[in-house]
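Source file: model_7.cif. Holds: mmCIF, C-alpha atoms and all ligand atoms.
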data_structure
#
loop_
_atom_site.label_atom_id
_atom_site.label_comp_id
_atom_site.auth_asym_id
_atom_site.auth_seq_id
_atom_site.Cartn_x
_atom_site.Cartn_y
_atom_site.Cartn_z
CA MET A 509 -13.54 -10.56 13.37
CA THR A 510 -10.51 -12.77 13.12
CA ARG A 511 -10.18 -15.19 10.30
CA PRO A 512 -11.26 -18.71 11.27
CA GLY A 513 -8.52 -20.99 12.53
CA PRO A 514 -7.92 -24.53 11.40
CA GLY A 515 -10.42 -27.03 12.72
CA LYS A 516 -13.04 -24.42 13.45
CA HIS A 517 -14.86 -25.14 10.21
CA PRO A 518 -15.35 -28.82 9.48
CA ASP A 519 -16.81 -27.88 6.10
CA ARG A 520 -13.52 -26.28 5.04
CA ASP A 521 -12.85 -28.79 2.25
CA GLY A 522 -16.30 -29.04 0.79
CA PRO A 523 -19.04 -26.78 -0.48
CA VAL A 524 -20.72 -24.90 2.31
CA PRO A 525 -24.42 -25.74 2.58
CA LEU A 526 -26.13 -22.42 2.62
CA ASP A 527 -29.36 -21.80 4.37
CA PRO A 528 -29.58 -18.25 5.59
CA PHE A 529 -32.63 -19.07 7.62
CA GLN A 530 -31.41 -22.25 9.26
CA ASP A 531 -31.13 -20.56 12.64
CA GLY A 532 -34.57 -19.10 12.30
CA PRO A 533 -35.32 -15.41 12.04
CA VAL A 534 -33.36 -12.94 14.11
CA SER A 535 -35.56 -13.27 17.14
CA ASP A 536 -35.24 -9.88 18.74
CA ASP A 537 -35.59 -7.94 15.45
CA PRO A 538 -33.49 -4.98 16.52
CA LEU A 539 -34.90 -2.78 13.77
CA LYS A 540 -38.53 -3.28 14.69
CA ASP A 541 -38.72 -0.81 17.52
CA GLY A 542 -37.14 2.07 15.71
CA LEU A 543 -33.54 1.30 16.58
CA PHE A 544 -32.36 4.49 14.93
CA ARG A 545 -35.11 6.73 16.30
CA GLU A 546 -33.19 7.36 19.49
CA GLY A 547 -30.12 8.42 17.55
CA PRO A 548 -27.06 6.76 16.07
CA LEU A 549 -26.23 3.20 17.04
CA THR A 550 -23.95 2.28 19.87
CA ASN A 551 -22.69 -1.25 20.36
CA ASP A 552 -24.69 -1.87 23.53
CA ARG A 553 -27.88 -1.15 21.57
CA VAL A 554 -26.99 -3.44 18.67
CA GLY A 555 -27.26 -6.75 20.46
CA GLY A 556 -26.28 -9.22 17.78
CA GLY A 557 -27.00 -12.80 18.79
CA ALA A 558 -28.43 -14.65 15.82
CA LEU A 559 -27.41 -11.95 13.36
CA LEU A 560 -23.84 -12.16 14.59
CA ASP A 561 -23.84 -15.95 14.13
CA ARG A 562 -25.28 -15.58 10.67
CA PHE A 563 -22.68 -12.98 9.73
CA GLU A 564 -19.85 -15.22 10.89
CA GLN A 565 -21.32 -18.19 9.02
CA THR A 566 -21.62 -16.30 5.73
CA TRP A 567 -18.23 -14.71 6.26
CA SER A 568 -16.37 -17.97 6.91
CA ALA A 569 -17.41 -19.47 3.56
CA LEU A 570 -15.98 -16.45 1.75
CA SER A 571 -12.93 -15.81 3.89
CA ARG A 572 -11.10 -18.93 2.73
CA VAL A 573 -10.94 -17.86 -0.93
CA GLY A 574 -7.60 -16.33 -1.89
CA ASP A 575 -6.32 -16.43 1.68
CA GLU A 576 -2.52 -16.67 1.69
CA GLY A 577 -2.27 -16.84 5.48
CA ALA A 578 0.18 -14.40 7.03
CA ARG A 579 0.66 -12.76 3.62
CA GLY A 580 -2.99 -11.74 3.53
CA TYR A 581 -5.36 -11.99 0.60
CA ARG A 582 -4.54 -12.13 -3.07
CA ARG A 583 -7.71 -11.87 -5.11
CA PHE A 584 -6.79 -10.53 -8.56
CA ALA A 585 -9.33 -9.95 -11.31
CA TRP A 586 -10.14 -12.80 -13.69
CA THR A 587 -7.86 -15.32 -11.95
CA PRO A 588 -9.10 -18.70 -10.68
CA VAL A 589 -9.44 -17.06 -7.26
CA ASP A 590 -11.71 -14.39 -8.74
CA LEU A 591 -13.77 -17.10 -10.40
CA ALA A 592 -14.16 -18.84 -7.02
CA LEU A 593 -15.34 -15.53 -5.53
CA ARG A 594 -17.83 -15.17 -8.37
CA THR A 595 -19.07 -18.70 -7.76
CA TRP A 596 -19.56 -17.83 -4.07
CA PHE A 597 -21.57 -14.76 -5.13
CA ARG A 598 -23.76 -16.81 -7.48
CA GLU A 599 -24.36 -19.39 -4.75
CA GLN A 600 -25.41 -16.68 -2.31
CA ALA A 601 -27.85 -15.30 -4.88
CA GLU A 602 -29.18 -18.75 -5.70
CA ALA A 603 -29.70 -19.66 -2.05
CA ARG A 604 -31.93 -16.60 -1.76
CA GLY A 605 -33.77 -17.20 -5.01
CA MET A 606 -32.25 -14.04 -6.47
CA ASP A 607 -31.59 -14.00 -10.23
CA CYS A 608 -27.90 -13.48 -10.91
CA GLU A 609 -26.48 -11.93 -14.07
CA GLN A 610 -23.06 -10.86 -15.29
CA ASP A 611 -23.24 -7.58 -17.19
CA ARG A 612 -21.19 -6.64 -20.27
CA ASN A 613 -18.35 -5.39 -18.08
CA GLY A 614 -18.03 -8.40 -15.81
CA ASN A 615 -19.97 -6.98 -12.87
CA LEU A 616 -22.29 -9.43 -11.11
CA TRP A 617 -25.83 -8.47 -10.10
CA ALA A 618 -28.21 -10.43 -7.87
CA TRP A 619 -31.81 -9.25 -8.06
CA TRP A 620 -34.64 -9.22 -5.57
CA GLY A 621 -37.50 -8.22 -7.83
CA THR A 622 -37.53 -7.63 -11.56
CA PRO A 623 -34.49 -5.74 -12.84
CA GLY A 624 -35.62 -2.30 -13.90
CA PRO A 625 -35.45 1.45 -13.39
CA GLY A 626 -35.38 2.91 -9.91
CA ALA A 627 -33.57 -0.08 -8.39
CA VAL A 628 -31.94 0.34 -5.01
CA VAL A 629 -28.46 -1.13 -5.47
CA THR A 630 -26.01 -2.11 -2.76
CA GLY A 631 -22.82 -4.18 -2.65
CA SER A 632 -19.13 -3.56 -3.26
CA HIS A 633 -16.29 -5.68 -4.67
CA LEU A 634 -14.63 -9.01 -3.87
CA ASP A 635 -11.15 -8.52 -5.38
CA SER A 636 -8.17 -7.37 -3.32
CA VAL A 637 -4.77 -5.73 -3.49
CA PRO A 638 -1.73 -8.00 -3.07
CA GLY A 639 -1.37 -8.74 0.65
CA GLY A 640 -4.85 -7.37 1.22
CA GLY A 641 -7.17 -7.60 4.19
CA ALA A 642 -10.38 -9.56 4.52
CA PHE A 643 -12.81 -6.67 4.81
CA ASP A 644 -12.08 -4.17 2.03
CA GLY A 645 -14.87 -5.00 -0.42
CA PRO A 646 -16.26 -8.30 0.91
CA LEU A 647 -17.78 -6.62 3.98
CA GLY A 648 -20.04 -4.62 1.68
CA VAL A 649 -21.14 -7.66 -0.31
CA VAL A 650 -21.76 -9.90 2.71
CA SER A 651 -23.64 -7.09 4.49
CA ALA A 652 -25.76 -6.56 1.38
CA PHE A 653 -26.93 -10.18 1.25
CA LEU A 654 -27.63 -10.25 4.99
CA ALA A 655 -29.55 -6.97 4.75
CA VAL A 656 -31.74 -8.56 2.08
CA ASP A 657 -32.36 -11.50 4.45
CA LEU A 658 -33.35 -9.15 7.27
CA LEU A 659 -35.74 -7.18 5.08
CA ARG A 660 -37.43 -10.37 3.88
CA GLU A 661 -37.76 -11.80 7.37
CA ARG A 662 -39.36 -8.61 8.51
CA GLY A 663 -41.93 -8.97 5.75
CA VAL A 664 -40.77 -5.87 3.91
CA VAL A 665 -42.20 -5.69 0.40
CA PRO A 666 -40.05 -3.27 -1.60
CA GLU A 667 -41.78 -0.94 -4.00
CA ARG A 668 -38.64 -0.91 -6.11
CA PRO A 669 -36.27 -3.77 -7.05
CA ILE A 670 -33.22 -4.29 -4.86
CA ALA A 671 -29.92 -5.51 -6.33
CA VAL A 672 -26.70 -6.73 -4.75
CA VAL A 673 -23.67 -6.00 -6.93
CA ASN A 674 -20.10 -7.27 -7.09
CA PHE A 675 -18.08 -4.81 -9.16
CA ALA A 676 -15.25 -6.29 -11.24
CA ASP A 677 -11.60 -5.40 -10.58
CA GLU A 678 -12.10 -2.52 -8.14
CA GLU A 679 -8.56 -2.49 -6.80
CA GLY A 680 -6.83 -2.51 -10.17
CA ALA A 681 -4.17 -4.73 -8.59
CA ARG A 682 -3.60 -6.82 -11.69
CA PHE A 683 -3.97 -4.36 -14.58
CA GLY A 684 -3.06 -1.06 -12.89
CA VAL A 685 -6.36 0.81 -13.29
CA ALA A 686 -8.77 0.89 -10.35
CA CYS A 687 -12.57 0.49 -10.55
CA VAL A 688 -12.43 -1.04 -14.03
CA GLY A 689 -15.94 -2.58 -13.80
CA SER A 690 -17.68 0.61 -12.70
CA ARG A 691 -15.59 2.86 -14.98
CA LEU A 692 -16.51 0.76 -18.02
CA LEU A 693 -20.15 0.66 -16.96
CA ALA A 694 -20.22 4.45 -16.65
CA GLY A 695 -18.26 4.96 -19.87
CA VAL A 696 -15.28 6.74 -18.30
CA LEU A 697 -12.83 4.04 -19.39
CA ALA A 698 -12.66 3.39 -23.13
CA PRO A 699 -13.24 -0.28 -24.00
CA ASP A 700 -10.18 -0.44 -26.29
CA ALA A 701 -7.96 1.01 -23.59
CA ALA A 702 -9.35 -1.46 -21.07
CA ARG A 703 -8.88 -4.47 -23.34
CA ALA A 704 -5.25 -3.48 -23.92
CA LEU A 705 -4.32 -3.17 -20.24
CA ARG A 706 -1.55 -5.62 -19.35
CA ASP A 707 -0.66 -7.40 -16.14
CA ALA A 708 2.89 -8.00 -14.89
CA ASP A 709 3.18 -11.11 -17.10
CA GLY A 710 2.12 -9.25 -20.22
CA VAL A 711 -1.37 -10.79 -20.29
CA THR A 712 -3.97 -8.32 -21.54
CA LEU A 713 -7.31 -7.79 -19.82
CA ALA A 714 -8.98 -9.11 -22.98
CA GLU A 715 -6.93 -12.32 -22.83
CA ALA A 716 -7.57 -12.72 -19.10
CA MET A 717 -11.32 -12.29 -19.55
CA ARG A 718 -11.40 -14.77 -22.40
CA ALA A 719 -9.44 -17.31 -20.36
CA ALA A 720 -12.02 -16.86 -17.61
CA GLY A 721 -14.89 -17.51 -20.00
CA ALA A 722 -16.01 -13.87 -20.32
CA ASP A 723 -16.39 -11.89 -23.55
CA PRO A 724 -14.15 -8.81 -23.70
CA GLY A 725 -15.80 -7.76 -26.97
CA ALA A 726 -18.87 -6.55 -25.11
CA LEU A 727 -17.05 -4.10 -22.80
CA GLY A 728 -18.29 -0.50 -22.76
CA ARG A 729 -20.76 2.00 -21.39
CA ASP A 730 -23.87 0.10 -20.38
CA GLU A 731 -26.85 2.44 -20.71
CA GLU A 732 -29.30 -0.22 -19.69
CA ALA A 733 -27.47 -1.19 -16.50
CA LEU A 734 -26.91 2.47 -15.59
CA ALA A 735 -30.52 3.41 -16.19
CA ARG A 736 -31.68 0.76 -13.75
CA ILE A 737 -29.81 2.25 -10.78
CA GLY A 738 -32.10 4.54 -8.80
CA ALA A 739 -29.65 4.80 -5.91
CA PHE A 740 -26.40 3.06 -4.98
CA VAL A 741 -25.39 2.57 -1.35
CA GLU A 742 -21.99 0.96 -0.82
CA LEU A 743 -21.05 -0.25 2.66
CA HIS A 744 -17.29 -0.41 3.23
CA ILE A 745 -14.84 -0.79 6.07
CA GLU A 746 -13.40 2.62 6.94
CA GLN A 747 -9.81 2.94 5.80
CA GLY A 748 -8.83 5.37 8.51
CA ARG A 749 -9.44 6.00 12.21
CA GLY A 750 -12.15 8.63 11.87
CA LEU A 751 -15.01 6.60 13.36
CA ALA A 752 -12.75 5.18 16.08
CA GLY A 753 -11.98 8.75 17.13
CA LEU A 754 -15.67 9.60 17.16
CA ASP A 755 -16.58 6.44 19.09
CA ALA A 756 -19.13 5.52 16.42
CA PRO A 757 -19.53 2.07 14.79
CA VAL A 758 -21.06 3.44 11.57
CA GLY A 759 -20.83 6.66 9.57
CA VAL A 760 -21.54 8.00 6.09
CA ALA A 761 -19.01 9.26 3.55
CA SER A 762 -18.93 12.99 2.90
CA ALA A 763 -16.33 13.03 0.14
CA ILE A 764 -13.56 11.11 -1.60
CA TRP A 765 -10.35 13.05 -2.03
CA PRO A 766 -9.19 13.64 -5.59
CA HIS A 767 -6.36 11.25 -6.42
CA GLY A 768 -4.09 10.14 -9.20
CA ARG A 769 -1.24 7.85 -10.22
CA TRP A 770 1.91 8.99 -11.98
CA ARG A 771 4.58 6.82 -13.56
CA CYS A 772 8.02 8.31 -12.92
CA THR A 773 10.83 6.97 -15.07
CA PHE A 774 14.48 7.66 -14.30
CA HIS A 775 16.67 6.92 -17.36
CA GLY A 776 20.27 6.26 -16.29
CA GLU A 777 23.07 4.06 -17.52
CA GLY A 778 23.77 0.49 -16.44
CA ASN A 779 27.35 -0.29 -15.50
CA HIS A 780 29.58 -2.32 -13.20
CA ALA A 781 29.04 -1.72 -9.48
CA GLY A 782 32.69 -2.34 -8.68
CA THR A 783 34.64 -0.74 -11.49
CA THR A 784 32.65 2.38 -12.37
CA LEU A 785 34.02 5.46 -10.65
CA LEU A 786 31.42 7.43 -8.73
CA ALA A 787 32.11 10.47 -10.89
CA ASP A 788 31.38 8.46 -14.04
CA ARG A 789 28.02 7.10 -12.98
CA ARG A 790 24.54 7.95 -14.18
CA ASP A 791 22.73 6.11 -11.41
CA PRO A 792 18.92 6.51 -11.59
CA MET A 793 18.54 5.30 -7.99
CA LEU A 794 19.91 8.58 -6.66
CA PRO A 795 17.34 10.99 -8.15
CA PHE A 796 14.65 8.40 -7.40
CA ALA A 797 15.72 8.45 -3.74
CA SER A 798 15.61 12.27 -3.78
CA ALA A 799 12.13 12.13 -5.28
CA VAL A 800 10.91 9.82 -2.51
CA LEU A 801 12.18 12.19 0.18
CA ALA A 802 10.81 15.25 -1.63
CA THR A 803 7.45 13.52 -1.84
CA ARG A 804 7.23 13.05 1.89
CA GLN A 805 8.20 16.67 2.52
CA ALA A 806 5.74 18.06 -0.03
CA ALA A 807 2.90 15.95 1.34
CA GLU A 808 3.60 17.07 4.91
CA ARG A 809 3.82 20.71 3.94
CA LEU A 810 0.62 20.66 1.84
CA GLY A 811 -1.60 18.52 4.07
CA ALA A 812 -1.73 15.78 1.45
CA VAL A 813 -0.67 12.14 1.27
CA ALA A 814 1.69 10.70 -1.33
CA THR A 815 3.29 7.31 -1.74
CA PHE A 816 5.82 5.48 -3.84
CA GLY A 817 4.61 1.91 -3.26
CA LYS A 818 5.70 0.23 -6.49
CA VAL A 819 9.16 0.29 -8.05
CA LEU A 820 10.68 -1.61 -10.96
CA VAL A 821 14.44 -1.57 -11.27
CA ASP A 822 16.16 -2.59 -14.46
CA PRO A 823 18.12 -4.85 -14.55
CA ASN A 824 17.69 -5.33 -10.77
CA GLY A 825 21.11 -6.85 -10.14
CA THR A 826 23.05 -6.58 -6.90
CA ASN A 827 26.36 -5.83 -8.60
CA ALA A 828 25.00 -3.63 -11.38
CA ILE A 829 24.24 0.06 -11.40
CA ALA A 830 20.63 0.27 -12.58
CA SER A 831 19.99 1.56 -16.07
CA ARG A 832 16.42 2.55 -15.35
CA VAL A 833 13.98 2.93 -12.48
CA ASP A 834 10.22 3.04 -12.95
CA ALA A 835 8.31 4.13 -9.86
CA TRP A 836 4.65 4.89 -9.34
CA LEU A 837 3.54 7.92 -7.35
CA ASP A 838 0.10 7.85 -5.73
CA GLY A 839 -1.00 11.33 -4.64
CA ARG A 840 -4.15 12.50 -2.82
CA ALA A 841 -5.37 15.62 -1.03
CA PRO A 842 -8.64 17.31 -0.05
CA ASP A 843 -8.70 19.34 -3.29
CA SER A 844 -7.37 18.97 -6.83
CA ALA A 845 -5.20 22.10 -6.76
CA THR A 846 -3.23 20.74 -3.82
CA VAL A 847 -2.60 17.40 -5.52
CA ARG A 848 -1.47 19.19 -8.71
CA LYS A 849 0.83 21.52 -6.78
CA MET A 850 2.34 18.57 -4.92
CA VAL A 851 3.00 16.57 -8.08
CA GLU A 852 4.55 19.64 -9.70
CA GLU A 853 6.89 20.09 -6.76
CA ILE A 854 7.85 16.41 -6.74
CA THR A 855 8.47 16.49 -10.49
CA GLY A 856 10.65 19.58 -10.08
CA ALA A 857 12.66 17.97 -7.30
CA ALA A 858 13.11 14.75 -9.30
CA GLU A 859 14.25 16.65 -12.41
CA ALA A 860 16.68 18.78 -10.44
CA ALA A 861 18.16 15.70 -8.79
CA GLY A 862 18.24 13.91 -12.14
CA ALA A 863 20.15 16.78 -13.76
CA GLY A 864 22.82 16.48 -11.07
CA HIS A 865 23.38 12.82 -11.94
CA GLY A 866 22.97 12.79 -15.70
CA VAL A 867 19.61 11.06 -15.39
CA ARG A 868 16.64 12.03 -17.52
CA VAL A 869 13.33 12.06 -15.65
CA GLU A 870 9.92 11.50 -17.21
CA VAL A 871 6.64 11.84 -15.32
CA VAL A 872 3.45 10.58 -16.98
CA GLU A 873 -0.03 10.76 -15.49
CA GLU A 874 -1.63 7.30 -15.63
CA SER A 875 -4.92 8.08 -13.95
CA TRP A 876 -6.77 11.00 -12.40
CA THR A 877 -9.97 10.93 -10.37
CA PRO A 878 -11.49 14.27 -9.40
CA VAL A 879 -12.96 14.98 -5.98
CA VAL A 880 -16.24 13.22 -5.22
CA GLU A 881 -18.69 14.99 -2.95
CA PHE A 882 -21.32 12.65 -1.56
CA GLY A 883 -23.55 15.63 -1.13
CA GLY A 884 -27.16 16.33 -1.38
CA GLU A 885 -30.26 14.44 -0.76
CA LEU A 886 -29.17 10.81 -0.64
CA ARG A 887 -26.37 11.23 1.90
CA ASP A 888 -28.54 13.39 4.14
CA ARG A 889 -31.42 10.97 3.82
CA VAL A 890 -29.28 7.96 4.73
CA ALA A 891 -27.66 9.81 7.65
CA ALA A 892 -31.08 10.90 8.93
CA THR A 893 -32.49 7.38 8.60
CA LEU A 894 -29.63 6.20 10.80
CA GLY A 895 -30.35 8.74 13.50
CA GLY A 896 -27.74 11.25 12.42
CA VAL A 897 -24.50 9.26 12.12
CA PRO A 898 -21.27 11.18 11.52
CA ALA A 899 -20.15 12.08 7.99
CA LEU A 900 -16.47 11.89 7.15
CA PRO A 901 -14.22 12.12 4.07
CA THR A 902 -11.84 9.44 2.83
CA GLY A 903 -8.67 9.31 0.80
CA ALA A 904 -9.63 5.96 -0.74
CA GLY A 905 -11.33 5.53 -4.11
CA HIS A 906 -14.47 3.44 -4.50
CA ASP A 907 -16.95 2.29 -7.15
CA ALA A 908 -19.51 4.54 -5.43
CA GLY A 909 -17.21 7.46 -6.22
CA ILE A 910 -17.16 6.57 -9.92
CA LEU A 911 -20.93 6.06 -10.08
CA SER A 912 -21.74 9.22 -8.11
CA ALA A 913 -21.29 11.33 -11.26
CA TYR A 914 -24.13 9.40 -12.92
CA VAL A 915 -26.51 8.11 -10.26
CA PRO A 916 -27.29 9.15 -6.67
CA SER A 917 -24.65 7.35 -4.59
CA ALA A 918 -23.82 7.14 -0.90
CA MET A 919 -21.46 5.17 1.29
CA LEU A 920 -21.67 3.70 4.77
CA PHE A 921 -18.43 3.20 6.67
CA VAL A 922 -17.93 0.62 9.39
CA ARG A 923 -15.42 1.44 12.13
CA ASN A 924 -11.85 0.21 11.70
CA PRO A 925 -10.21 0.36 15.15
CA THR A 926 -6.66 0.91 13.89
CA GLY A 927 -7.44 2.40 10.49
CA THR A 928 -5.18 -0.23 8.87
CA SER A 929 -6.28 -1.28 5.38
CA HIS A 930 -4.75 -2.90 2.29
CA SER A 931 -2.91 -5.09 4.79
CA PRO A 932 -3.54 -8.47 6.44
CA ALA A 933 -3.99 -6.55 9.71
CA GLU A 934 -7.17 -4.86 8.42
CA HIS A 935 -9.89 -5.50 10.97
CA ALA A 936 -13.43 -4.67 12.06
CA GLU A 937 -15.04 -5.93 15.24
CA PRO A 938 -17.94 -8.37 14.69
CA ALA A 939 -20.29 -6.11 16.69
CA ASP A 940 -19.46 -3.22 14.38
CA CYS A 941 -20.07 -5.41 11.32
CA VAL A 942 -23.51 -6.25 12.75
CA ALA A 943 -24.18 -2.55 13.33
CA GLY A 944 -23.24 -1.98 9.70
CA ILE A 945 -25.69 -4.64 8.49
CA LEU A 946 -28.48 -3.12 10.56
CA ALA A 947 -27.68 0.36 9.26
CA LEU A 948 -27.63 -0.86 5.66
CA THR A 949 -30.92 -2.69 6.18
CA ALA A 950 -32.56 0.45 7.51
CA ALA A 951 -31.20 2.54 4.64
CA LEU A 952 -32.36 0.03 2.01
CA GLU A 953 -35.81 -0.22 3.55
CA ASP A 954 -36.20 3.54 3.53
CA LEU A 955 -35.00 3.86 -0.08
CA ALA A 956 -36.89 0.88 -1.49
CA CYS A 957 -40.16 1.56 0.31
CA GLY A 958 -40.22 5.27 1.09
ZN ZN B 1 -12.69 -1.40 -1.40
#
Output the file's structure as structure tokens, nothing else.
Ligand SMILES: [Zn+2]
Amino acid sequence: MTRPGPGKHPDRDGPVPLDPFQDGPVSDDPLKDGLFREGPLTNDRVGGGALLDRFEQTWSALSRVGDEGARGYRRFAWTPVDLALRTWFREQAEARGMDCEQDRNGNLWAWWGTPGPGAVVTGSHLDSVPGGGAFDGPLGVVSAFLAVDLLRERGVVPERPIAVVNFADEEGARFGVACVGSRLLAGVLAPDAARALRDADGVTLAEAMRAAGADPGALGRDEEALARIGAFVELHIEQGRGLAGLDAPVGVASAIWPHGRWRCTFHGEGNHAGTTLLADRRDPMLPFASAVLATRQAAERLGAVATFGKVLVDPNGTNAIASRVDAWLDGRAPDSATVRKMVEEITGAAEAAGAGHGVRVEVVEESWTPVVEFGGELRDRVAATLGGVPALPTGAGHDAGILSAYVPSAMLFVRNPTGTSHSPAEHAEPADCVAGILALTAALEDLACG
């Protein structure tokens, strides 16, 4: 859907009165007659009507938060924008009579039923990258709340509690480490290391949490929260064109490629741009440029993807040869060995280029996430419940990928017609979003009642 234009929402400046049932139940109950029994969904079988209206209503209240217009979304962890997103989440929970709690690691949980073991958990994240799109994260949270509504209207009485979750700081846009909330919860990020993470202004995560009224002292592996999760199903917009190519509105994730981030530092020598002879220069920009080109070539040759998307130049003056360049390499491939080989080749090319220009090159691994296979019972069960939707891998990391090492986890993808993501142009058609909600509802019903 497109973001709402001015004038379309008279409630823009005030709190949005929330009554998920104000339009009455979804009259045609598309799930009732075994929507998925005939096979995977197609748009002409989804219908939509009241559910589509309800989706757009819920979406519009959220879509204003952190919207920077043509520049996209900026929803960084523990900022006032994040707090507004958290308030929206609490209001959604409250409107449904769901108890809402913030766990030790800043993740928000809304409960249908008493929190306890065996819970069927769904949701995603509400933060964004800089210049982000509307759907990455929020689609999973909005779909989760609307799936709960559908289950209740249909009179479903879950045998196990159902929880909607908003994981903290999934994108890592502010502090540089992705999936901080789920990593801390699972114990794969040390609390001290997390507290010491710094944003671009030098503010630590601990300071940012405190300023936002949260207690950084409690961070760490949360046995109790982990033990409650019986299964986690995260719905997410696809960040590629796989489903578009398959002509399918919804699919399940088969795997997340292994991926990592490397900080590459090129130590040169600052000097005058006009008076320093070319032969006398130690310009770190030159080996950096070689590294960028080598990266593209290595990725193409190895069937991987690799990106330099962030660069800091010191001192960053037009008429000064840089003294130092820090650049971050993001590398991903279907298997770990390929990523390692690629990074080795890029490092070799950068060092060779550096040697030719008197520039010392340092490459430090900042994060590494091994391959995630969404294998086994849960994925197959969800796919079967949905009439056999396609399964496809992704190069993007997710909280479900972190949690999959500890609890049964699966992902649903909703078609992205262009594949564009982490960009204001990110888009999913409303009919596909409705198909996603129906698919999630069916999956939750099967898992919570079966
Ligand atoms: Zn996401």
Mind dumping a table of every chain A residue within 7 Å of ligand ZN 1 (chain B), with the nearest atom pair and its distance in Å to one decimal, using all atoms listed in the file, sorted by chain and rising number, as JSON lines?
{"residue": "A:His633", "atom": "CA", "partner": "B:ZN1", "partner_atom": "ZN", "distance": 6.5}
{"residue": "A:Asp644", "atom": "CA", "partner": "B:ZN1", "partner_atom": "ZN", "distance": 4.5}
{"residue": "A:Gly645", "atom": "CA", "partner": "B:ZN1", "partner_atom": "ZN", "distance": 4.3}
{"residue": "A:Glu678", "atom": "CA", "partner": "B:ZN1", "partner_atom": "ZN", "distance": 6.9}
{"residue": "A:Glu679", "atom": "CA", "partner": "B:ZN1", "partner_atom": "ZN", "distance": 6.9}
{"residue": "A:His744", "atom": "CA", "partner": "B:ZN1", "partner_atom": "ZN", "distance": 6.6}
{"residue": "A:His906", "atom": "CA", "partner": "B:ZN1", "partner_atom": "ZN", "distance": 6.0}
* Asked: A:Pro646, A:Gly811, A:Gly884, A:Gly577: which is nearest Cys941 of chain A, counting all atoms listed in the file?
  ->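 The answer is A:Pro646, which sits nearest to Cys941 of chain A.
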* Extract, using all atoms listed in the file, all DNA, RNA and protein residues at most 12 Å from Glu667 of chain A, discarding same-chain residues fewer than 4 positions from it, and format them as a PyMOL selection string. => chain A and resi 620-622+624-628+952-958
* Provide the atom CA of Asp834 of chain A to atom CA of Gly639 of chain A distance in Å, to one decimal place. => 21.4 Å
* Which residue, A:Ala585, A:Leu751, A:Ala592, A:Ala892, has the smallest gap to Phe683 of chain A when you use only C-alpha atoms? ->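 Smallest distance to Phe683 of chain A is found for A:Ala585.
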* Would you list the contacts of Val685 of chain A as a list in words, taking every protein, DNA or RNA residue within 9 Å and counting all atoms listed in the file, but skipping same-chain residues closer than 5 positions in sequence? =>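 Listed by chain and then number, they are Asp677, Glu678, Glu679, Gly680, Ala702, Leu705, Glu874 and Ser875 of chain A.
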Writing out the chosen residues with C-alpha atoms as a short mmCIF file (atom, residue, chain, number, x, y, z; two decimals), in the coordinates of the input:
data_model
loop_
_atom_site.label_atom_id
_atom_site.label_comp_id
_atom_site.auth_asym_id
_atom_site.auth_seq_id
_atom_site.Cartn_x
_atom_site.Cartn_y
_atom_site.Cartn_z
CA ASP A 677 -11.60 -5.40 -10.58
CA GLU A 678 -12.10 -2.52 -8.14
CA GLU A 679 -8.56 -2.49 -6.80
CA GLY A 680 -6.83 -2.51 -10.17
CA ALA A 702 -9.35 -1.46 -21.07
CA LEU A 705 -4.32 -3.17 -20.24
CA GLU A 874 -1.63 7.30 -15.63
CA SER A 875 -4.92 8.08 -13.95
#
* To do: Using only C-alpha atoms, find the one residue out of A:Gly684, A:Ala828, A:Arg604, A:Trp586 that sits nearest to Val656 of chain A.
  =>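 Selected residue with least distance to Val656 of chain A: A:Arg604.
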For Gly768 of chain A, list every protein, DNA or RNA residue within 7 Å, evaluated using all atoms listed in the file, and leave out those in the same chain fewer than 3 positions away; present the list as a PDB file with C-alpha atoms, keeping the file's coordinate frame.
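Saved to part.pdb:
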ATOM      1  CA  ASP A 838       0.100   7.850  -5.730  1.00  0.00           C
ATOM      2  CA  GLY A 839      -1.000  11.330  -4.640  1.00  0.00           C
ATOM      3  CA  ARG A 840      -4.150  12.500  -2.820  1.00  0.00           C
ATOM      4  CA  SER A 875      -4.920   8.080 -13.950  1.00  0.00           C
ATOM      5  CA  TRP A 876      -6.770  11.000 -12.400  1.00  0.00           C
ATOM      6  CA  THR A 877      -9.970  10.930 -10.370  1.00  0.00           C
TER       7      THR A 877
END
* Can you pull out every residue within 8 Å of Trp765 of chain A, counting only C-alpha atoms, but drop anything in the same chain fewer than 4 positions away, and send it as a PyMOL selection string? => chain A and resi 840-843+878-880+901-905
* Which residue gives the smallest distance to Asp907 of chain A among A:Ala943, A:Leu693, A:Ile745, A:Ala933, with all atoms listed in the file counted? -> A:Leu693
* **Closest of A:Gly856, A:Pro638, A:Gly944, A:Gly738 to Leu560 of chain A - atom-to-atom distances counting only C-alpha atoms** =>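 Smallest distance to Leu560 of chain A is found for A:Gly944.
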* To do: Do a neighbour search on Leu727 of chain A at 12 Å with all atoms listed in the file, toss out local chain neighbours closer than 4 positions, and write the hits as an MDAnalysis selection string.
  => chainID A and resid 610:615 676 688:704 713:714 717 722:723 731
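Taking atom CA of Glu885 of chain A as the reference point, atom CA of Gly631 of chain A is found at 20.1 Å.
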